[in-house]
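*Asks:* Take a look at this one; I'll ask things after.
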Amino acid sequence: MPLPFLTADRAFDATAADDEVALPFDDHDLWRRPYRPGPWRVAGAALFLLFASFVLIAAVIIAFAGALPGAGLCFGLASLVIAMALRLLRIGTWVSRHGLRYVGFFSTSTVAWEQVTALRTVQEPVRWLGLPRTVQGQALVLVREAGEPLPLLTDHNADFLSRVEAFDRAADTIEAWGAEYRPS
């Protein structure tokens, strides 16, 4: 089974020696995340899936005991937890020829390249692992024609905490997509 989210860094590493190729993917019409999910994000999803497995085992035991409404409730809860784990893995910034898509846990926003004024990396207070606590860090900020700047990536989120090189590489790749497809 192909895992497309694992090919992002390999494709970038393969073209890192060739500076002329900034966009390492063949089909630019598909939405792609130009970086791998970070270890904190994967660990969180793994914990959700571990919890879902325990709930599924409980549902089977309850079903064998004969309480089918309780088993159905447990299966429903396990399905919800599995959906949460999958959504947690999809969180991030996705790019294509059509624009930039920021996928959050509860919402998704898409900005066409024509609406993007600038993409830049700035030093600012950023949220640590998405919690209310802020620390000084770097953020890749999207500036739109109408609206306030939107931070796309930070070096202290679940994808890039303790992975400064990965943040720099992801920010450079997203900026390269913007340079390629934003109208001049």
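Residues are named by chain letter and number: chains run A, B, ... in the order of the structure tokens, numbers start at 1 in each chain, and ligands are numbered from 1 in the order shown.
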May I have all residues of chain A that DSSP, computed from the backbone, assigns to strand (DSSP E or B), given as a PyMOL selection string?

*Replies:* chain A and resi 32+92-96+99-103+108-112+116-127+134-144+150-154

*Asks:* Determine, counting only C-alpha atoms, which protein, DNA and RNA residues have an atom within 10 Å of an atom of range 144-158 of chain A; residues of the same chain fewer than 3 positions away are not included. Present the result as a PyMOL selection string.

*Replies:* chain A and resi 37-44+91-94+100-103+111-131+134-141+161-168+170-171+174

*Asks:* Set the distance at 12 Å and use only C-alpha atoms: which residues neighbour Leu30 in chain A once local chain neighbours fewer than 5 positions away are removed? I'd like the list as a ChimeraX atom specification.

*Replies:* /A:4,25,94-101

*Asks:* Could you check how far CA of Asp172 in chain A sits from CA of Arg33 in chain A, in Å to one decimal?

*Replies:*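 Computed distance, CA of Asp172 in chain A to CA of Arg33 in chain A, equals 13.0 Å.
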
*Asks:* Please identify the helix (DSSP H, G or I) residues within chain A (assignment by DSSP from backbone atoms) and present them as a ChimeraX atom specification.

*Replies:* /A:4-15,39-65,68-90,113-115,164-181
